[in-house]
>>> print(open('target_13.cif').read())   # mmCIF, C-alpha atoms
data_my_file
#
loop_
_atom_site.label_atom_id
_atom_site.label_comp_id
_atom_site.auth_asym_id
_atom_site.auth_seq_id
_atom_site.Cartn_x
_atom_site.Cartn_y
_atom_site.Cartn_z
CA MET A 1 -33.54 7.92 -10.04
CA MET A 2 -31.39 10.98 -10.27
CA GLN A 3 -32.03 13.50 -13.01
CA GLY A 4 -29.51 15.90 -14.49
CA GLU A 5 -26.17 16.66 -12.97
CA ASN A 6 -24.83 16.63 -9.48
CA ASN A 7 -21.35 17.86 -8.55
CA MET A 8 -19.04 17.82 -5.59
CA THR A 9 -15.45 18.83 -4.92
CA LEU A 10 -13.23 17.96 -2.00
CA ARG A 11 -9.83 19.34 -1.07
CA PHE A 12 -7.72 17.59 1.48
CA ASP A 13 -4.14 17.33 2.75
CA ALA A 14 -1.85 14.87 0.96
CA ARG A 15 -1.79 12.50 3.95
CA SER A 16 -2.26 8.76 3.57
CA VAL A 17 -4.98 8.79 6.24
CA ASN A 18 -7.19 10.69 3.75
CA GLU A 19 -7.16 7.84 1.19
CA GLY A 20 -9.90 6.02 3.07
CA PHE A 21 -11.88 9.23 3.50
CA ALA A 22 -11.71 10.02 -0.23
CA ARG A 23 -12.99 6.66 -1.45
CA VAL A 24 -15.77 6.50 1.15
CA ALA A 25 -16.87 10.06 0.27
CA VAL A 26 -17.16 9.14 -3.42
CA ALA A 27 -19.00 5.90 -2.58
CA ALA A 28 -21.52 7.90 -0.52
CA PHE A 29 -21.88 10.51 -3.25
CA ILE A 30 -22.77 7.96 -5.95
CA ALA A 31 -25.14 5.99 -3.70
CA GLY A 32 -28.14 7.71 -5.29
CA LEU A 33 -27.49 5.84 -8.54
CA ASN A 34 -28.17 2.53 -6.78
CA PRO A 35 -24.94 0.92 -7.94
CA THR A 36 -24.27 -2.76 -7.22
CA LEU A 37 -21.78 -3.61 -4.47
CA ASP A 38 -19.31 -4.61 -7.14
CA GLU A 39 -19.65 -1.29 -8.94
CA VAL A 40 -19.11 0.61 -5.67
CA ALA A 41 -16.01 -1.51 -4.97
CA ASP A 42 -14.71 -0.77 -8.50
CA VAL A 43 -15.10 2.98 -8.03
CA LYS A 44 -13.61 2.91 -4.52
CA THR A 45 -10.56 1.01 -5.76
CA ALA A 46 -10.02 3.41 -8.65
CA VAL A 47 -10.36 6.49 -6.41
CA SER A 48 -7.99 4.96 -3.88
CA GLU A 49 -5.39 4.35 -6.60
CA ALA A 50 -5.60 7.89 -8.00
CA VAL A 51 -5.50 9.57 -4.58
CA THR A 52 -2.63 7.35 -3.39
CA ASN A 53 -0.68 8.27 -6.54
CA ALA A 54 -1.21 11.99 -5.89
CA ILE A 55 -0.09 11.60 -2.26
CA ILE A 56 2.96 9.41 -2.90
CA HIS A 57 4.19 10.56 -6.28
CA GLY A 58 2.76 14.08 -6.56
CA TYR A 59 4.01 15.55 -3.32
CA ASP A 60 6.76 15.31 -0.72
CA ASP A 61 4.98 17.65 1.68
CA PRO A 62 1.82 16.29 3.31
CA ASP A 63 0.49 19.85 3.75
CA GLU A 64 -0.02 20.13 0.00
CA GLN A 65 -3.55 19.70 -1.32
CA VAL A 66 -5.24 17.00 -3.39
CA GLU A 67 -8.44 17.95 -5.19
CA LEU A 68 -11.10 15.35 -5.86
CA SER A 69 -14.14 16.22 -7.95
CA CYS A 70 -17.01 13.99 -8.78
CA MET A 71 -19.90 14.52 -11.13
CA VAL A 72 -22.91 12.34 -11.60
CA ALA A 73 -24.95 12.74 -14.79
CA GLY A 74 -27.73 10.28 -15.49
CA ARG A 75 -26.19 6.82 -15.00
CA GLU A 76 -22.64 8.05 -15.48
CA ILE A 77 -19.96 8.95 -12.99
CA PHE A 78 -17.06 11.28 -13.76
CA ILE A 79 -14.23 11.51 -11.28
CA GLU A 80 -11.25 13.83 -11.37
CA VAL A 81 -8.24 13.68 -9.06
CA ALA A 82 -5.79 16.56 -9.36
CA ASP A 83 -2.55 17.58 -7.70
CA THR A 84 -0.20 20.49 -8.35
CA GLY A 85 2.90 18.46 -7.55
CA ARG A 86 5.77 16.89 -9.38
CA GLY A 87 4.03 15.80 -12.56
CA ILE A 88 4.77 12.75 -14.70
CA GLU A 89 7.56 12.87 -17.24
CA ASP A 90 6.27 10.13 -19.53
CA VAL A 91 2.58 9.40 -19.00
CA LYS A 92 2.54 6.50 -21.48
CA ALA A 93 5.37 4.72 -19.65
CA ALA A 94 3.79 5.46 -16.26
CA MET A 95 0.59 3.74 -17.36
CA GLU A 96 2.38 0.50 -18.29
CA PRO A 97 1.69 -2.26 -15.77
CA PHE A 98 4.51 -2.79 -13.27
CA PHE A 99 6.10 0.57 -14.08
CA THR A 100 7.05 2.36 -10.88
CA THR A 101 9.39 5.13 -9.87
CA ARG A 102 9.21 4.09 -6.21
CA PRO A 103 10.23 0.41 -5.91
CA ASP A 104 11.74 1.44 -2.55
CA LEU A 105 8.21 1.89 -1.22
CA GLU A 106 7.19 -1.51 -2.62
CA ARG A 107 4.83 0.11 -5.06
CA SER A 108 3.47 -2.64 -7.28
CA GLY A 109 3.29 -0.41 -10.37
CA MET A 110 -0.31 -1.44 -10.92
CA GLY A 111 -2.16 1.74 -9.96
CA PHE A 112 -3.09 2.84 -13.48
CA ALA A 113 -3.75 -0.76 -14.53
CA PHE A 114 -6.25 -1.06 -11.67
CA MET A 115 -7.94 2.23 -12.62
CA GLU A 116 -8.24 1.05 -16.22
CA ALA A 117 -9.52 -2.37 -15.17
CA PHE A 118 -12.22 -1.02 -12.86
CA MET A 119 -13.37 2.10 -14.74
CA ASP A 120 -14.63 2.45 -18.32
CA GLU A 121 -12.17 5.17 -19.29
CA VAL A 122 -9.09 6.75 -17.74
CA THR A 123 -7.22 9.77 -19.08
CA VAL A 124 -4.15 11.36 -17.58
CA GLU A 125 -2.89 14.88 -18.16
CA SER A 126 0.40 15.86 -16.64
CA VAL A 127 2.95 18.64 -16.90
CA LYS A 128 6.31 18.08 -15.27
CA GLY A 129 6.69 20.38 -12.30
CA ARG A 130 3.09 21.58 -12.56
CA GLY A 131 0.96 18.62 -11.53
CA THR A 132 -1.22 15.77 -12.70
CA ARG A 133 -4.92 15.42 -13.42
CA VAL A 134 -6.53 11.98 -13.69
CA ARG A 135 -10.01 11.76 -15.20
CA MET A 136 -12.08 8.62 -14.89
CA HIS A 137 -15.48 7.69 -16.15
CA LYS A 138 -17.82 4.80 -15.45
CA LYS A 139 -21.34 3.93 -16.44
CA ILE A 140 -23.44 2.39 -13.71
CA GLY A 141 -25.92 -0.39 -14.41
CA VAL A 142 -24.08 -1.97 -17.34
CA GLN A 143 -23.26 -5.23 -15.58
CA GLU A 144 -26.88 -6.22 -15.04
CA GLY A 145 -27.52 -5.82 -18.78
CA MET B 1 -2.29 -11.13 25.25
CA LYS B 2 -3.12 -14.10 27.45
CA LYS B 3 -0.54 -15.48 29.83
CA TYR B 4 -0.18 -18.72 27.87
CA GLU B 5 0.28 -16.87 24.57
CA ARG B 6 2.86 -14.60 26.17
CA HIS B 7 4.77 -17.59 27.42
CA GLN B 8 4.69 -19.18 23.97
CA ALA B 9 5.78 -15.98 22.28
CA GLU B 10 8.67 -15.53 24.71
CA LYS B 11 9.75 -19.07 24.05
CA LEU B 12 9.60 -18.56 20.29
CA CYS B 13 11.14 -15.12 20.03
CA PRO B 14 13.30 -14.64 23.12
CA VAL B 15 15.37 -11.84 21.62
CA SER B 16 12.72 -9.62 20.13
CA PHE B 17 9.87 -10.30 22.50
CA HIS B 18 10.45 -7.45 24.92
CA PHE B 19 10.91 -5.01 22.09
CA MET B 20 7.70 -6.33 20.52
CA THR B 21 5.59 -5.86 23.62
CA GLU B 22 6.78 -2.28 24.00
CA TRP B 23 6.22 -1.54 20.40
CA ARG B 24 2.81 -3.06 19.93
CA TYR B 25 0.96 -1.02 22.54
CA ASP B 26 -0.11 1.63 20.09
CA MET B 27 -0.52 -0.70 17.12
CA ASN B 28 -2.97 -3.29 16.04
CA ARG B 29 -1.46 -6.68 15.84
CA TYR B 30 -1.81 -8.37 12.46
CA CYS B 31 0.42 -11.39 12.85
CA GLU B 32 0.12 -14.62 14.74
CA VAL B 33 3.17 -16.86 15.05
CA SER B 34 3.38 -20.53 15.82
CA GLU B 35 6.65 -22.39 15.36
CA ASP B 36 7.81 -21.57 11.84
CA CYS B 37 4.36 -20.58 10.56
CA MET B 38 2.95 -17.07 10.63
CA VAL B 39 -0.63 -16.09 9.86
CA ILE B 40 -1.08 -12.48 8.76
CA HIS B 41 -4.63 -11.36 9.43
CA ILE B 42 -5.19 -8.82 6.68
CA PRO B 43 -7.21 -5.88 8.08
CA ARG B 44 -10.67 -4.81 6.92
CA GLU B 45 -9.17 -2.27 4.51
CA LEU B 46 -5.66 -2.68 3.14
CA ASP B 47 -4.52 0.48 1.37
CA HIS B 48 -1.27 2.46 1.30
CA HIS B 49 -2.02 3.93 4.74
CA GLU B 50 -2.44 0.53 6.41
CA ALA B 51 0.24 -1.23 4.32
CA GLY B 52 3.18 0.49 6.04
CA ARG B 53 2.25 -0.73 9.52
CA LEU B 54 1.54 -4.26 8.33
CA ARG B 55 4.86 -4.40 6.49
CA GLN B 56 6.77 -3.23 9.56
CA GLU B 57 5.23 -5.83 11.84
CA ALA B 58 5.44 -8.71 9.36
CA ASP B 59 9.10 -8.09 8.45
CA LEU B 60 10.15 -7.85 12.07
CA LEU B 61 8.53 -11.18 12.90
CA ILE B 62 9.62 -13.01 9.74
CA GLY B 63 13.23 -12.25 10.63
CA ALA B 64 13.02 -12.65 14.40
CA CYS B 65 10.95 -15.84 14.54
CA HIS B 66 12.55 -17.76 11.66
CA ILE B 67 9.29 -18.04 9.76
CA ARG B 68 9.18 -20.54 6.88
CA ARG B 69 5.49 -20.53 6.07
CA LEU B 70 3.29 -17.48 5.58
CA VAL B 71 -0.50 -17.56 5.48
CA PHE B 72 -2.39 -14.43 4.42
CA ASP B 73 -5.85 -14.62 5.94
CA PHE B 74 -8.37 -12.37 4.19
CA ALA B 75 -11.38 -13.37 6.33
CA LYS B 76 -11.98 -9.79 7.53
CA THR B 77 -10.93 -8.00 4.36
CA GLU B 78 -13.46 -5.89 2.47
CA PHE B 79 -11.18 -3.57 0.56
CA MET B 80 -7.74 -3.86 -0.99
CA ASP B 81 -5.99 -1.82 -3.68
CA SER B 82 -2.65 -2.07 -5.48
CA SER B 83 -0.79 -0.89 -2.36
CA GLY B 84 -2.03 -4.07 -0.68
CA ILE B 85 -0.79 -6.11 -3.64
CA GLY B 86 2.62 -4.44 -3.22
CA VAL B 87 2.92 -5.37 0.44
CA ILE B 88 1.83 -8.97 -0.20
CA ILE B 89 4.25 -9.44 -3.10
CA GLY B 90 7.00 -7.95 -0.92
CA ARG B 91 6.35 -10.40 1.95
CA CYS B 92 6.19 -13.35 -0.51
CA ARG B 93 9.59 -12.31 -1.81
CA ASN B 94 11.01 -11.98 1.69
CA ILE B 95 9.79 -15.41 2.75
CA GLY B 96 11.28 -16.72 -0.51
CA TYR B 97 14.72 -15.40 0.53
CA TYR B 98 14.41 -17.44 3.72
CA GLY B 99 13.46 -20.50 1.65
CA GLY B 100 9.84 -20.50 2.79
CA SER B 101 6.45 -20.47 1.11
CA ALA B 102 3.29 -18.36 1.20
CA CYS B 103 -0.40 -18.96 0.61
CA ALA B 104 -3.70 -17.07 0.80
CA LYS B 105 -6.86 -17.96 2.64
CA ASN B 106 -10.52 -16.90 2.77
CA LEU B 107 -10.58 -14.88 -0.45
CA ASN B 108 -14.00 -13.41 -1.25
CA GLY B 109 -15.23 -12.74 -4.79
CA ARG B 110 -13.94 -9.19 -4.82
CA LEU B 111 -10.45 -10.20 -3.69
CA LYS B 112 -10.35 -12.98 -6.27
CA LYS B 113 -10.98 -10.31 -8.90
CA ILE B 114 -8.14 -8.18 -7.47
CA PHE B 115 -5.86 -11.25 -7.47
CA LEU B 116 -6.81 -11.96 -11.08
CA VAL B 117 -6.24 -8.39 -12.32
CA SER B 118 -2.88 -8.13 -10.55
CA GLY B 119 -1.64 -11.60 -11.50
CA LEU B 120 -1.10 -12.40 -7.83
CA GLN B 121 -2.86 -15.73 -8.19
CA GLU B 122 0.02 -16.95 -10.35
CA LEU B 123 2.41 -16.17 -7.52
CA MET B 124 0.57 -17.67 -4.61
CA ARG B 125 -1.75 -20.58 -4.17
CA GLU B 126 -5.06 -20.31 -2.37
CA GLU B 127 -5.70 -22.64 0.51
CA SER B 128 -9.17 -23.74 1.45
CA GLY B 129 -10.16 -24.09 5.08
CA LYS B 130 -12.02 -22.21 7.73
CA THR B 131 -9.81 -19.62 9.39
CA GLY B 132 -6.10 -19.03 9.59
CA ARG B 133 -6.24 -19.37 13.38
CA LYS B 134 -6.46 -23.15 12.93
CA GLU B 135 -2.88 -23.05 11.71
CA THR B 136 -1.58 -22.19 15.13
CA GLU B 137 -3.58 -24.75 17.07
CA LYS B 138 -0.97 -27.39 16.41
CA LEU B 139 1.08 -25.94 19.26
#
>>> encode(input="target_13.cif", output="structure tokens")
Amino acid sequence: MMQGENNMTLRFDARSVNEGFARVAVAAFIAGLNPTLDEVADVKTAVSEAVTNAIIHGYDDPDEQVELSCMVAGREIFIEVADTGRGIEDVKAAMEPFFTTRPDLERSGMGFAFMEAFMDEVTVESVKGRGTRVRMHKKIGVQEG
Amino acid sequence: MKKYERHQAEKLCPVSFHFMTEWRYDMNRYCEVSEDCMVIHIPRELDHHEAGRLRQEADLLIGACHIRRLVFDFAKTEFMDSSGIGVIIGRCRNIGYYGGSACAKNLNGRLKKIFLVSGLQELMREESGKTGRKETEKL
């Protein structure tokens, strides 16, 4: 079992093709904790949601950068997805299920709801015009009791 | 595409068929049409990146082939996020405009959880059965 802390940071272009890369990278990074398949799927879904949000809502230009950091400490995973894009005007409203600013893209408005459902804790910091930072936390090994 | 299938497709979609064959060379094909039923084979991973292509193909065929029944086949699917939910809800709505219906098939445990969290199971019934390909064997 892993002792202490382990960190990683990735920066990638805000292109939709990188969504798959981001979630697989995090899944590989946390493999040392021996998570269950369900736990890996939970984390992958949450990462995919956060990264997709940064790509779709944060930026217009795919050359902009998304930063994904992941820290493992003991049995806990901390994930941070940050962009320096548009920012969210009203974070509370944005986190309501079915809220979306892009119905034209058939966004379901369930991104934050999914992150909250699959992770233990989700916090969002955002400044309009400056960017958004999503922090997520999950403890591995809780399901088995 | 086999000769027989090509013949069937031309018969079913005379107008759009030539456009379709041109267009699908550089794309995976998700949809399978037979009479007024279309099976959408959901890919291994359905995220925002994949959703756009699936939407484009499905909408073209729903309109061109007068589809009344949609079957989403999740047999191959290992990953889906809320972008996938968006594209499925969108296609359900479209088939609704045409007076048709939609159902889901081959949901694994993970997908059932996604359906539950998103409320999609209220919108669409799940059909039991082996694979969606059976649907088209009536032809």
>>> resolve_selection(input="target_13.cif", expression="the PyMOL selection byres ((chain B) within 12 of (chain A))", output="ChimeraX atom specification")
/B:44-52,55,78-91,93-94,108-111,113-120
>>> resolve_selection(input="target_13.cif", expression="the PyMOL selection byres ((chain A and resi 69) around 12)", output="ChimeraX atom specification")
/A:6-12,22-23,25-26,29,47,50-51,66-68,70-72,77-83,133-137
>>> closest_residue(input="target_13.cif", among="B:Ala102, B:Ile40, B:Cys31, B:Leu54", to="B:Arg68", atoms="only C-alpha atoms")
B:Ala102
>>> residues_around(input="target_13.cif", residues="A:Thr36", least_positions_apart="4", cutoff="12 Å", atoms="all atoms listed in the file", output="ChimeraX atom specification")
/A:27,30-32,40-43,139-144
>>> write_last_selection(input="target_13.cif", atoms="C-alpha atoms", output="PDB file, in the frame of the given file")
ATOM      1  CA  ALA A  27     -19.000   5.900  -2.580  1.00  0.00           C
ATOM      2  CA  ILE A  30     -22.770   7.960  -5.950  1.00  0.00           C
ATOM      3  CA  ALA A  31     -25.140   5.990  -3.700  1.00  0.00           C
ATOM      4  CA  GLY A  32     -28.140   7.710  -5.290  1.00  0.00           C
ATOM      5  CA  VAL A  40     -19.110   0.610  -5.670  1.00  0.00           C
ATOM      6  CA  ALA A  41     -16.010  -1.510  -4.970  1.00  0.00           C
ATOM      7  CA  ASP A  42     -14.710  -0.770  -8.500  1.00  0.00           C
ATOM      8  CA  VAL A  43     -15.100   2.980  -8.030  1.00  0.00           C
ATOM      9  CA  LYS A 139     -21.340   3.930 -16.440  1.00  0.00           C
ATOM     10  CA  ILE A 140     -23.440   2.390 -13.710  1.00  0.00           C
ATOM     11  CA  GLY A 141     -25.920  -0.390 -14.410  1.00  0.00           C
ATOM     12  CA  VAL A 142     -24.080  -1.970 -17.340  1.00  0.00           C
ATOM     13  CA  GLN A 143     -23.260  -5.230 -15.580  1.00  0.00           C
ATOM     14  CA  GLU A 144     -26.880  -6.220 -15.040  1.00  0.00           C
TER      15      GLU A 144
END
>>> residues_around(input="target_13.cif", residues="stretch 59-62 of chain B", least_positions_apart="3", cutoff="10 Å", atoms="all atoms listed in the file", output="list in words")
Cys13, Ser16, Phe17, Met20, Cys31, Glu32, Val33, Asp36, Cys37, Met38, Leu54, Arg55, Gln56, Cys65, His66, Ile67, Arg68, Arg69, Leu70, Gly90, Arg91, Asn94, Ile95 and Tyr98 of chain B
>>> atom_distance(input="target_13.cif", atom1="atom CA of A:Phe99", atom2="atom CA of B:Gly99")
27.3 Å
>>> atom_distance(input="target_13.cif", atom1="atom CA of B:Ser128", atom2="atom CA of B:Tyr30")
20.3 Å
>>> residues_around(input="target_13.cif", residues="B:Val71", least_positions_apart="5", cutoff="6 Å", atoms="only C-alpha atoms", output="compact mmCIF listing (two decimals) with C-alpha atoms, keeping the file's coordinate frame")
# COMPACT_ATOMS: atom_id res chain seq x y z
CA VAL B 39 -0.63 -16.09 9.86
CA ALA B 102 3.29 -18.36 1.20
CA CYS B 103 -0.40 -18.96 0.61
CA ALA B 104 -3.70 -17.07 0.80
>>> residues_around(input="target_13.cif", residues="A:Arg86", least_positions_apart="2", cutoff="10 Å", atoms="all atoms listed in the file", output="ChimeraX atom specification")
/A:54,57-60,83-84,88-89,126-132
>>> closest_residue(input="target_13.cif", among="A:Asp90, A:Asp104, A:Glu76, A:Asp13", to="A:Asn34", atoms="all atoms listed in the file")
A:Glu76
>>> atom_distance(input="target_13.cif", atom1="atom CA of B:Arg53", atom2="atom CA of A:Asp61")
20.2 Å
>>> axis_aligned_box(input="target_13.cif", around="stretch 68-82 of chain A", padding_each_side="8 Å", output="lines of an AutoDock Vina configuration file")
center_x = -16.8
center_y = 11.7
center_z = -10.7
size_x = 37.9
size_y = 25.7
size_z = 25.6
>>> build_atoms(input="target_13.cif", residues="stretch 102-125 of chain B", atoms="N, CA and C atoms", output="short mmCIF file (atom, residue, chain, number, x, y, z; two decimals), in the coordinates of the input")
data_model
loop_
_atom_site.label_atom_id
_atom_site.label_comp_id
_atom_site.auth_asym_id
_atom_site.auth_seq_id
_atom_site.Cartn_x
_atom_site.Cartn_y
_atom_site.Cartn_z
N ALA B 102 4.42 -19.18 0.77
CA ALA B 102 3.29 -18.36 1.20
C ALA B 102 2.01 -18.83 0.53
N CYS B 103 0.89 -18.68 1.23
CA CYS B 103 -0.40 -18.96 0.61
C CYS B 103 -1.46 -18.00 1.12
N ALA B 104 -2.61 -17.98 0.44
CA ALA B 104 -3.70 -17.07 0.80
C ALA B 104 -4.91 -17.88 1.25
N LYS B 105 -5.72 -17.26 2.07
CA LYS B 105 -6.86 -17.96 2.64
C LYS B 105 -8.08 -17.05 2.71
N ASN B 106 -9.25 -17.63 2.61
CA ASN B 106 -10.52 -16.90 2.77
C ASN B 106 -10.69 -15.72 1.82
N LEU B 107 -10.41 -15.94 0.53
CA LEU B 107 -10.58 -14.88 -0.45
C LEU B 107 -12.05 -14.78 -0.85
N ASN B 108 -12.63 -13.57 -0.76
CA ASN B 108 -14.00 -13.41 -1.25
C ASN B 108 -13.97 -13.09 -2.75
N GLY B 109 -15.14 -12.95 -3.34
CA GLY B 109 -15.23 -12.74 -4.79
C GLY B 109 -14.47 -11.52 -5.25
N ARG B 110 -14.59 -10.44 -4.47
CA ARG B 110 -13.94 -9.19 -4.82
C ARG B 110 -12.41 -9.35 -4.84
N LEU B 111 -11.91 -10.03 -3.79
CA LEU B 111 -10.45 -10.20 -3.69
C LEU B 111 -9.93 -11.12 -4.79
N LYS B 112 -10.77 -12.10 -5.17
CA LYS B 112 -10.35 -12.98 -6.27
C LYS B 112 -10.18 -12.17 -7.54
N LYS B 113 -11.08 -11.18 -7.73
CA LYS B 113 -10.98 -10.31 -8.90
C LYS B 113 -9.68 -9.49 -8.85
N ILE B 114 -9.38 -8.95 -7.66
CA ILE B 114 -8.14 -8.18 -7.47
C ILE B 114 -6.92 -9.07 -7.74
N PHE B 115 -6.96 -10.30 -7.25
CA PHE B 115 -5.86 -11.25 -7.47
C PHE B 115 -5.69 -11.53 -8.96
N LEU B 116 -6.82 -11.65 -9.65
CA LEU B 116 -6.81 -11.96 -11.08
C LEU B 116 -6.21 -10.80 -11.87
N VAL B 117 -6.71 -9.57 -11.59
CA VAL B 117 -6.24 -8.39 -12.32
C VAL B 117 -4.74 -8.17 -12.09
N SER B 118 -4.28 -8.43 -10.87
CA SER B 118 -2.88 -8.13 -10.55
C SER B 118 -1.93 -9.28 -10.90
N GLY B 119 -2.49 -10.45 -11.20
CA GLY B 119 -1.64 -11.60 -11.50
C GLY B 119 -1.10 -12.27 -10.25
N LEU B 120 -1.60 -11.86 -9.10
CA LEU B 120 -1.10 -12.40 -7.83
C LEU B 120 -1.43 -13.89 -7.68
N GLN B 121 -2.49 -14.31 -8.33
CA GLN B 121 -2.86 -15.73 -8.19
C GLN B 121 -1.85 -16.68 -8.83
N GLU B 122 -1.04 -16.13 -9.74
CA GLU B 122 0.02 -16.95 -10.35
C GLU B 122 1.16 -17.17 -9.34
N LEU B 123 1.28 -16.20 -8.43
CA LEU B 123 2.41 -16.17 -7.52
C LEU B 123 2.17 -16.97 -6.25
N MET B 124 0.88 -17.12 -5.91
CA MET B 124 0.57 -17.67 -4.61
C MET B 124 -0.66 -18.56 -4.71
N ARG B 125 -0.58 -19.72 -4.08
CA ARG B 125 -1.75 -20.58 -4.17
C ARG B 125 -2.76 -20.20 -3.08
#
